[in-house]
Amino acid sequence: MVSPPPRAAAVAAARAWLRVGPAPRPLMGSQGGVGAPGNGGPGEGESGETRKLQEEGRAARGKRRKGKGKAGAGQGGKGNGAEGKPERPQAKEETGLGAEAGPSAGLGKAGERGGSVEEGARRLVRGDEGSAGARKEAKGRSEGKKEEWRVRTGRREGARPARAQGRGSQAWGRLAGTRAAMATAAEEEAAAAAAREPACRPAAGPALLCLPEELLLLIFSYLDMQALGRLAQVCRWLRRFTSCDLLWRRIARASLNSGFTRLGTDLMASVPVKERVKVSQNWRLGRCREGILLKWRCSQMPWMQLEGDSLYISQANFILAYQFRPDGASLNRRPLGVFAGHDEDVCHFVLANSHIISAGGDGKIGIHKIHSTFTVKYSAHVQEVNCVDCKGGIIVSGSRDRTAKVWPLASGRLGQCLHTIQTEDRVWSIAISPLLSSFVTGTACCGHFSPLRIWDLNSGQLMTHLGSDFPPGAGVLDVMYESPSTLLSCGYDTYVRYWDLRASARKCVMEWEEPHDSTLYCLQTDGNHLLATGSSYYGVVRLWDRRQRACLHAFPLTSTPLSSPVYCLRFTTRHLYAALSYNLRVLDFQNP
């Protein structure tokens with residue numbers, strides 16, 4: 001039997017040993033991975049030892065390709081795995097050639113030295129063990145270098161610990177402040193977005209919230225102000241729902257100075273009812289902040305009127321127009337307009353559409369256009385004109401000369417007297433009925449037993465007189481219509497009287513007495529429950545609730561050296577303005 005050639009036998013034995021040898025290593029990534037099967041290269045990073053092993057492997061493969069079988073089995077086993085990169089097809093072929101070239105080169109050397117096939121296999125195993133040892137040594141050196149780098153870095157950081165900690169704390173403080181500011185800004189933006197978003201009805205909750213809105217409005221309408229306020233704190237949807245004007249209208253009509261008349265007419269529809277109810281509680285409790293709007297040097301008897309965001313006030317023989325600032329508690333110092341024409345002080349004036357009708361101490365009536373310089377004045381009475389009123393194109397005036405006169409406002413008939421009425425007393429106050437059918441005069445009650453008499457506006461005839469038990473000298477200094485059949489009066493007898501012509505003309509429906517027996521110069525009403533009066537001493541302003549007899553609150557605005565009457569009162573739902581001898585005061589009930 002012919003035996004195979006020694007070289008062919010050795011190659012077959014090596015292949016058989018490789019088939020039963022150790023399992024191949026898995027193929028991993030480029031950094032720290034393990035090489036392909038048969039490559040035997042260390043899988044660590046690109047360190048110097050790894051590069052050296054790769055160069056030796058390449059040199060060995062080059063010698064084997066040239067036919068010099070001097071490379072050992074261990075060296076031939078070092079393939080591309082040391083590079084730690086995924087294999088390409090070309091690399092796989094080179095790896096296979098290296099695996100075959102290793103045994104062939106070893107066996108060839110053994111044949112030259114006269115060795116056997118077993119010795120070639122043992123050398124192949126030793127070469128594999130040697131390559132594994134080289135990989136472990138390279139890995140240990142790489143880990144040693146990393147540990148040395150950590151130690152050096154730690155020494156550098158430990159060289160200046162205080163400075164590093166200081167900088168770190170500063171940086172952390174800045175970072176914390178920035179994070180807090182960002183969190184605050186995010187919360188504000190979320191709150192603004194939540195306010196902009198329409199509140200939806202909660203999907204889950206009490207069965208009450210599942211009812212239709214009409215039923216909820218009916219149920220909530222029986223709640224009082226405190227219950228609605230607590231209900232608004234439950235959720236956003238209920239807060240929006242309980243802010244409905246329909247729920248607060250009933251409460252507002254029962255509150256003081258909320259903008260609703262006794263008949264239910266809303267005089268301030270542009271302001272939410274809930275906000276007005278909040279301010280009305282300050283009126284009820286007397287919480288306000290006092291301030292001075294204007295001052296003047298000499299003592300005067302000013303009169304004033306309000307028109308939107310403007311204030312008109314008389315000073316000596318001028319009428320000045322000022323504009324309120326947005327808060328309503330202060331004025332722009334420079335007046336919008338100055339209206340003159342009287343030779344003596346302005347005693348009284350009213351606003352009628354775009355005109356100012358003024359009554360002067362010189363016995364003349366002046367007519368001024370608000371938005372122009374047009375001014376007309378004509379002689380009306382022999383003595384000073386104490387009062388004037390204008391409605392529906394008709395002017396009525398009362399004078400110290402014991403007469404009351406009716407004048408047209410038409411431009412072609414200015415100065416033409418329609419009626420002259422003998423009142424037998426000095427006329428202190430006058431007012432035209434809302435129906436434009438009659439007017440009332442308040443006199444000094446010296447020549448006639450009743451200071452309040454109602455006259456027909458078209459004919460000038462006496463219609464009726466109010467009251468019959470006035471003491472002599474109980475003159476009426478201010479009178480005003482609240483409705484076509486009701487009116488209010490006050491004066492020297494220290495009483496505020498409420499008259500209802502439908503009930504009786506001989507006796508007032510209700511009266512309120514000034515506690516200090518002071519003359520009442522002026523009064524003002526909100527058309528519902530609130531009354532405000534101005535006294536003759538110490539500038540006392542009193543607030544009255546018409547549902548009770550006693551005074552609600554009193555605000556003395558002057559002291560003993562500068563004691564002054566309150567000549568005129570005006571108020572809105574937020575502020576009260578009082579004109580005194582030396583200044584103009586304001587009581588701010590919105591921001592007490």
# chains A, B, ... in the order shown; residues from 1 in each chain; ligands from 1
call {"tool": "closest_atom_pairs", "arguments": {"of": "region 447-487 of chain A", "to": "region 415-420 of chain A", "cutoff": "12 Å", "atoms": "only C-alpha atoms", "output": "JSON lines"}}
result
{"residue": "A:Trp455", "atom": "CA", "partner": "A:His419", "partner_atom": "CA", "distance": 10.9}
{"residue": "A:Asp456", "atom": "CA", "partner": "A:His419", "partner_atom": "CA", "distance": 10.3}
{"residue": "A:Leu457", "atom": "CA", "partner": "A:His419", "partner_atom": "CA", "distance": 8.6}
{"residue": "A:Asn458", "atom": "CA", "partner": "A:His419", "partner_atom": "CA", "distance": 8.4}
{"residue": "A:Ser459", "atom": "CA", "partner": "A:His419", "partner_atom": "CA", "distance": 7.5}
{"residue": "A:Gly460", "atom": "CA", "partner": "A:His419", "partner_atom": "CA", "distance": 6.0}
{"residue": "A:Gln461", "atom": "CA", "partner": "A:His419", "partner_atom": "CA", "distance": 9.5}
call {"tool": "residues_around", "arguments": {"residues": "Cys508 (chain A)", "least_positions_apart": "2", "cutoff": "9 Å", "atoms": "only C-alpha atoms", "output": "PDB file with N, CA and C atoms, in the first residue's frame"}}
result
ATOM      1  N   LEU A 466     -96.018 120.033  48.362  1.00  0.00           N
ATOM      2  CA  LEU A 466     -95.664 118.837  49.128  1.00  0.00           C
ATOM      3  C   LEU A 466     -95.494 119.217  50.595  1.00  0.00           C
ATOM      4  N   GLY A 467     -96.169 118.480  51.488  1.00  0.00           N
ATOM      5  CA  GLY A 467     -96.035 118.683  52.916  1.00  0.00           C
ATOM      6  C   GLY A 467     -96.860 119.852  53.407  1.00  0.00           C
ATOM      7  N   ARG A 497     -85.883 113.876  53.010  1.00  0.00           N
ATOM      8  CA  ARG A 497     -87.247 113.368  52.865  1.00  0.00           C
ATOM      9  C   ARG A 497     -87.417 112.705  51.494  1.00  0.00           C
ATOM     10  N   TYR A 498     -88.162 111.618  51.540  1.00  0.00           N
ATOM     11  CA  TYR A 498     -88.471 110.861  50.320  1.00  0.00           C
ATOM     12  C   TYR A 498     -89.968 110.960  50.069  1.00  0.00           C
ATOM     13  N   TRP A 499     -90.305 111.516  48.888  1.00  0.00           N
ATOM     14  CA  TRP A 499     -91.700 111.771  48.543  1.00  0.00           C
ATOM     15  C   TRP A 499     -92.137 110.837  47.417  1.00  0.00           C
ATOM     16  N   ASP A 500     -93.355 110.309  47.577  1.00  0.00           N
ATOM     17  CA  ASP A 500     -93.970 109.485  46.532  1.00  0.00           C
ATOM     18  C   ASP A 500     -95.321 110.115  46.198  1.00  0.00           C
ATOM     19  N   LEU A 501     -95.424 110.686  45.012  1.00  0.00           N
ATOM     20  CA  LEU A 501     -96.648 111.393  44.622  1.00  0.00           C
ATOM     21  C   LEU A 501     -97.829 110.446  44.441  1.00  0.00           C
ATOM     22  N   ALA A 503     -98.568 108.017  46.501  1.00  0.00           N
ATOM     23  CA  ALA A 503     -99.123 107.711  47.823  1.00  0.00           C
ATOM     24  C   ALA A 503     -99.794 108.927  48.443  1.00  0.00           C
ATOM     25  N   SER A 504     -99.003 109.994  48.607  1.00  0.00           N
ATOM     26  CA  SER A 504     -99.556 111.194  49.218  1.00  0.00           C
ATOM     27  C   SER A 504     -98.639 112.361  48.915  1.00  0.00           C
ATOM     28  N   ALA A 505     -99.233 113.525  48.701  1.00  0.00           N
ATOM     29  CA  ALA A 505     -98.463 114.740  48.502  1.00  0.00           C
ATOM     30  C   ALA A 505     -98.351 115.561  49.772  1.00  0.00           C
ATOM     31  N   ARG A 506     -99.065 115.175  50.818  1.00  0.00           N
ATOM     32  CA  ARG A 506     -99.049 115.939  52.061  1.00  0.00           C
ATOM     33  C   ARG A 506     -98.074 115.387  53.091  1.00  0.00           C
ATOM     34  N   MET A 510     -90.761 108.541  53.728  1.00  0.00           N
ATOM     35  CA  MET A 510     -89.719 108.222  54.702  1.00  0.00           C
ATOM     36  C   MET A 510     -88.840 109.449  54.881  1.00  0.00           C
ATOM     37  N   GLU A 511     -88.228 109.561  56.047  1.00  0.00           N
ATOM     38  CA  GLU A 511     -87.314 110.666  56.323  1.00  0.00           C
ATOM     39  C   GLU A 511     -86.163 110.184  57.190  1.00  0.00           C
TER      40      GLU A 511
END
call {"tool": "atom_distance", "arguments": {"atom1": "CA of Leu246 (chain A)", "atom2": "CA of Leu576 (chain A)"}}
result
27.2 Å
call {"tool": "closest_residue", "arguments": {"among": "A:Leu336, A:Ala380, A:Gly291, A:Trp512", "to": "Asp309 (chain A)", "atoms": "only C-alpha atoms"}}
result
A:Leu336
call {"tool": "atom_distance", "arguments": {"atom1": "CA of Leu306 (chain A)", "atom2": "CA of Asn332 (chain A)"}}
result
14.9 Å
call {"tool": "residues_around", "arguments": {"residues": "Thr560 (chain A)", "least_positions_apart": "2", "cutoff": "12 Å", "atoms": "only C-alpha atoms", "output": "VMD selection string"}}
result
chain A and resid 537 to 540 556 to 558 562 to 565
call {"tool": "select_by_dssp", "arguments": {"residues": "region 265-430 of chain A", "states": "alpha helix (DSSP H)", "output": "PyMOL selection string"}}
result
chain A and resi 273-285
call {"tool": "atom_distance", "arguments": {"atom1": "CA of Ile395 (chain A)", "atom2": "CA of Cys490 (chain A)"}}
result
22.5 Å
call {"tool": "closest_residue", "arguments": {"among": "A:Leu215, A:Leu294, A:Val346, A:Ala474", "to": "Ala444 (chain A)", "atoms": "only C-alpha atoms"}}
result
A:Ala474
call {"tool": "residues_around", "arguments": {"residues": "region 383-389 of chain A", "least_positions_apart": "2", "cutoff": "9 Å", "atoms": "only C-alpha atoms", "output": "PyMOL selection string"}}
result
chain A and resi 346-352+357-365+380-381+391+394-401+426-432
call {"tool": "closest_residue", "arguments": {"among": "A:Phe318, A:Trp283, A:Trp237, A:Trp248", "to": "Gln590 (chain A)", "atoms": "only C-alpha atoms"}}
result
A:Trp283
call {"tool": "residues_around", "arguments": {"residues": "Val277 (chain A)", "least_positions_apart": "6", "cutoff": "12 Å", "atoms": "only C-alpha atoms", "output": "ChimeraX atom specification"}}
result
/A:224-226,229,243,245,247-260,271,283-284,573-574,589-590
call {"tool": "write_last_selection", "arguments": {"atoms": "N, CA, C and O atoms", "output": "short mmCIF file (atom, residue, chain, number, x, y, z; two decimals), in the first residue's frame"}}
result
data_model
loop_
_atom_site.label_atom_id
_atom_site.label_comp_id
_atom_site.auth_asym_id
_atom_site.auth_seq_id
_atom_site.Cartn_x
_atom_site.Cartn_y
_atom_site.Cartn_z
N ASP A 224 -76.41 82.60 48.35
CA ASP A 224 -76.01 83.96 48.69
C ASP A 224 -74.60 84.23 48.19
O ASP A 224 -73.98 83.39 47.53
N MET A 225 -74.10 85.40 48.51
CA MET A 225 -72.80 85.83 47.99
C MET A 225 -71.66 84.94 48.51
O MET A 225 -70.76 84.57 47.76
N GLN A 226 -71.67 84.58 49.79
CA GLN A 226 -70.61 83.75 50.36
C GLN A 226 -70.60 82.36 49.73
O GLN A 226 -69.53 81.80 49.44
N GLY A 229 -69.13 82.48 46.31
CA GLY A 229 -67.68 82.64 46.38
C GLY A 229 -66.97 81.34 46.69
O GLY A 229 -65.92 81.04 46.11
N SER A 243 -69.39 83.20 37.66
CA SER A 243 -69.17 84.62 37.37
C SER A 243 -70.22 85.19 36.42
O SER A 243 -70.12 86.37 36.04
N ASP A 245 -73.34 87.03 35.01
CA ASP A 245 -74.06 88.19 35.53
C ASP A 245 -75.46 87.83 36.01
O ASP A 245 -76.00 88.49 36.92
N LEU A 247 -76.40 85.33 37.79
CA LEU A 247 -76.38 84.86 39.17
C LEU A 247 -76.18 86.01 40.15
O LEU A 247 -76.66 85.96 41.28
N TRP A 248 -75.46 87.05 39.73
CA TRP A 248 -75.12 88.14 40.64
C TRP A 248 -76.09 89.32 40.54
O TRP A 248 -76.02 90.25 41.34
N ARG A 249 -76.98 89.29 39.57
CA ARG A 249 -77.89 90.42 39.39
C ARG A 249 -78.81 90.58 40.61
O ARG A 249 -79.04 91.70 41.08
N ARG A 250 -79.35 89.48 41.12
CA ARG A 250 -80.23 89.57 42.28
C ARG A 250 -79.47 90.11 43.49
O ARG A 250 -79.99 90.94 44.25
N ILE A 251 -78.23 89.64 43.68
CA ILE A 251 -77.43 90.12 44.80
C ILE A 251 -77.07 91.58 44.62
O ILE A 251 -77.06 92.37 45.57
N ALA A 252 -76.77 91.98 43.38
CA ALA A 252 -76.39 93.37 43.12
C ALA A 252 -77.54 94.32 43.38
O ALA A 252 -77.34 95.44 43.88
N ARG A 253 -78.75 93.92 43.04
CA ARG A 253 -79.90 94.80 43.27
C ARG A 253 -80.17 95.02 44.75
O ARG A 253 -80.77 96.03 45.14
N ALA A 254 -79.72 94.08 45.58
CA ALA A 254 -79.87 94.24 47.03
C ALA A 254 -78.66 94.90 47.68
O ALA A 254 -78.68 95.15 48.89
N SER A 255 -77.62 95.20 46.90
CA SER A 255 -76.39 95.80 47.44
C SER A 255 -76.44 97.31 47.29
O SER A 255 -77.31 97.87 46.60
N LEU A 256 -75.49 97.98 47.92
CA LEU A 256 -75.40 99.43 47.87
C LEU A 256 -74.55 99.88 46.69
O LEU A 256 -73.42 99.37 46.50
N ASN A 257 -75.08 100.79 45.90
CA ASN A 257 -74.34 101.43 44.82
C ASN A 257 -73.69 100.41 43.88
O ASN A 257 -72.49 100.46 43.61
N SER A 258 -74.47 99.49 43.37
CA SER A 258 -73.97 98.48 42.45
C SER A 258 -74.30 98.79 41.00
O SER A 258 -74.02 97.97 40.12
N GLY A 259 -74.91 99.95 40.73
CA GLY A 259 -75.22 100.33 39.37
C GLY A 259 -76.60 99.96 38.90
O GLY A 259 -76.92 100.15 37.73
N PHE A 260 -77.45 99.43 39.79
CA PHE A 260 -78.82 99.06 39.44
C PHE A 260 -79.80 100.01 40.13
O PHE A 260 -79.65 100.32 41.32
N VAL A 271 -69.50 96.95 32.99
CA VAL A 271 -68.71 96.44 34.11
C VAL A 271 -69.34 95.14 34.61
O VAL A 271 -70.56 95.08 34.80
N TRP A 283 -68.55 99.89 50.33
CA TRP A 283 -69.50 100.95 50.66
C TRP A 283 -70.31 100.57 51.91
O TRP A 283 -70.56 101.41 52.79
N ARG A 284 -70.71 99.34 51.99
CA ARG A 284 -71.51 98.91 53.14
C ARG A 284 -70.70 98.94 54.43
O ARG A 284 -71.23 99.33 55.49
N THR A 573 -69.76 104.09 41.07
CA THR A 573 -69.79 102.84 41.82
C THR A 573 -68.48 102.58 42.56
O THR A 573 -68.41 101.67 43.39
N ARG A 574 -67.44 103.38 42.28
CA ARG A 574 -66.14 103.14 42.90
C ARG A 574 -65.62 104.31 43.73
O ARG A 574 -64.82 104.11 44.64
N PHE A 589 -63.35 103.81 47.14
CA PHE A 589 -63.87 102.57 47.70
C PHE A 589 -63.40 101.34 46.95
O PHE A 589 -63.63 100.22 47.42
N GLN A 590 -62.76 101.52 45.83
CA GLN A 590 -62.25 100.38 45.08
C GLN A 590 -60.95 99.86 45.66
O GLN A 590 -60.72 98.66 45.73
#
call {"tool": "select_by_dssp", "arguments": {"residues": "region 198-377 of chain A", "states": "strand (DSSP E)", "output": "NGL selection string"}}
result
:A and (289-295 or 304-307 or 310-315 or 318-323 or 337-339 or 346-352 or 355-360 or 364-369 or 375-377)
call {"tool": "decode", "arguments": {"residues": "region 440-466 of chain A", "atoms": "N, CA, C and O atoms", "output": "short mmCIF file (atom, residue, chain, number, x, y, z; two decimals), in the first residue's frame"}}
result
data_model
loop_
_atom_site.label_atom_id
_atom_site.label_comp_id
_atom_site.auth_asym_id
_atom_site.auth_seq_id
_atom_site.Cartn_x
_atom_site.Cartn_y
_atom_site.Cartn_z
N VAL A 440 -90.25 121.14 39.89
CA VAL A 440 -90.43 121.40 41.31
C VAL A 440 -89.44 122.48 41.73
O VAL A 440 -88.30 122.52 41.25
N THR A 441 -89.87 123.35 42.64
CA THR A 441 -89.01 124.40 43.19
C THR A 441 -88.89 124.20 44.70
O THR A 441 -89.85 123.83 45.38
N GLY A 442 -87.67 124.42 45.19
CA GLY A 442 -87.41 124.40 46.62
C GLY A 442 -87.08 125.80 47.09
O GLY A 442 -86.10 126.40 46.64
N THR A 443 -87.90 126.35 47.96
CA THR A 443 -87.78 127.74 48.37
C THR A 443 -87.33 127.84 49.84
O THR A 443 -87.11 126.82 50.51
N ALA A 444 -87.24 129.10 50.31
CA ALA A 444 -86.74 129.36 51.67
C ALA A 444 -87.79 129.14 52.73
O ALA A 444 -87.47 129.17 53.93
N CYS A 445 -89.05 128.93 52.38
CA CYS A 445 -90.14 128.67 53.32
C CYS A 445 -90.31 129.83 54.31
O CYS A 445 -90.42 129.62 55.52
N CYS A 446 -90.32 131.02 53.76
CA CYS A 446 -90.57 132.20 54.61
C CYS A 446 -91.91 132.85 54.26
O CYS A 446 -92.68 133.23 55.15
N GLY A 447 -92.22 133.01 52.98
CA GLY A 447 -93.48 133.63 52.58
C GLY A 447 -94.58 132.64 52.35
O GLY A 447 -95.76 132.99 52.27
N HIS A 448 -94.26 131.34 52.21
CA HIS A 448 -95.25 130.31 51.96
C HIS A 448 -95.03 129.17 52.94
O HIS A 448 -93.90 128.89 53.36
N PHE A 449 -96.10 128.46 53.32
CA PHE A 449 -95.99 127.41 54.34
C PHE A 449 -95.30 126.16 53.84
O PHE A 449 -94.86 125.34 54.64
N SER A 450 -95.25 125.97 52.50
CA SER A 450 -94.60 124.78 51.95
C SER A 450 -93.42 125.20 51.07
O SER A 450 -93.61 125.99 50.13
N PRO A 451 -92.24 124.68 51.32
CA PRO A 451 -91.09 125.03 50.48
C PRO A 451 -91.04 124.24 49.17
O PRO A 451 -90.25 124.57 48.28
N LEU A 452 -91.82 123.19 49.03
CA LEU A 452 -91.80 122.34 47.83
C LEU A 452 -93.13 122.48 47.09
O LEU A 452 -94.20 122.13 47.61
N ARG A 453 -93.03 123.00 45.85
CA ARG A 453 -94.22 123.16 45.03
C ARG A 453 -93.93 122.69 43.61
O ARG A 453 -92.81 122.88 43.11
N ILE A 454 -94.92 122.08 43.01
CA ILE A 454 -94.78 121.53 41.67
C ILE A 454 -95.59 122.40 40.71
O ILE A 454 -96.78 122.68 40.95
N TRP A 455 -94.94 122.78 39.57
CA TRP A 455 -95.53 123.68 38.59
C TRP A 455 -95.63 122.99 37.24
O TRP A 455 -94.78 122.15 36.89
N ASP A 456 -96.66 123.36 36.51
CA ASP A 456 -96.83 122.84 35.14
C ASP A 456 -95.81 123.51 34.23
O ASP A 456 -95.69 124.73 34.20
N LEU A 457 -95.09 122.72 33.46
CA LEU A 457 -94.03 123.26 32.63
C LEU A 457 -94.57 124.00 31.41
O LEU A 457 -93.93 124.95 30.91
N ASN A 458 -95.71 123.60 30.91
CA ASN A 458 -96.25 124.22 29.70
C ASN A 458 -97.01 125.51 30.00
O ASN A 458 -96.92 126.49 29.25
N SER A 459 -97.74 125.54 31.10
CA SER A 459 -98.55 126.73 31.40
C SER A 459 -97.99 127.59 32.52
O SER A 459 -98.38 128.75 32.68
N GLY A 460 -97.11 127.02 33.35
CA GLY A 460 -96.57 127.76 34.47
C GLY A 460 -97.49 127.84 35.66
O GLY A 460 -97.25 128.63 36.59
N GLN A 461 -98.56 127.02 35.73
CA GLN A 461 -99.52 127.05 36.82
C GLN A 461 -99.09 126.08 37.93
O GLN A 461 -98.42 125.07 37.69
N LEU A 462 -99.49 126.42 39.16
CA LEU A 462 -99.18 125.56 40.31
C LEU A 462 -100.03 124.29 40.23
O LEU A 462 -101.25 124.35 40.09
N MET A 463 -99.40 123.17 40.36
CA MET A 463 -100.09 121.88 40.32
C MET A 463 -100.37 121.38 41.74
O MET A 463 -101.50 120.98 42.04
N THR A 464 -99.37 121.36 42.61
CA THR A 464 -99.55 120.89 43.97
C THR A 464 -98.37 121.34 44.81
O THR A 464 -97.34 121.78 44.29
N HIS A 465 -98.53 121.22 46.12
CA HIS A 465 -97.41 121.47 47.03
C HIS A 465 -97.24 120.23 47.91
O HIS A 465 -98.19 119.46 48.15
N LEU A 466 -96.02 120.03 48.36
CA LEU A 466 -95.66 118.84 49.13
C LEU A 466 -95.49 119.22 50.60
O LEU A 466 -94.76 120.15 50.93
#
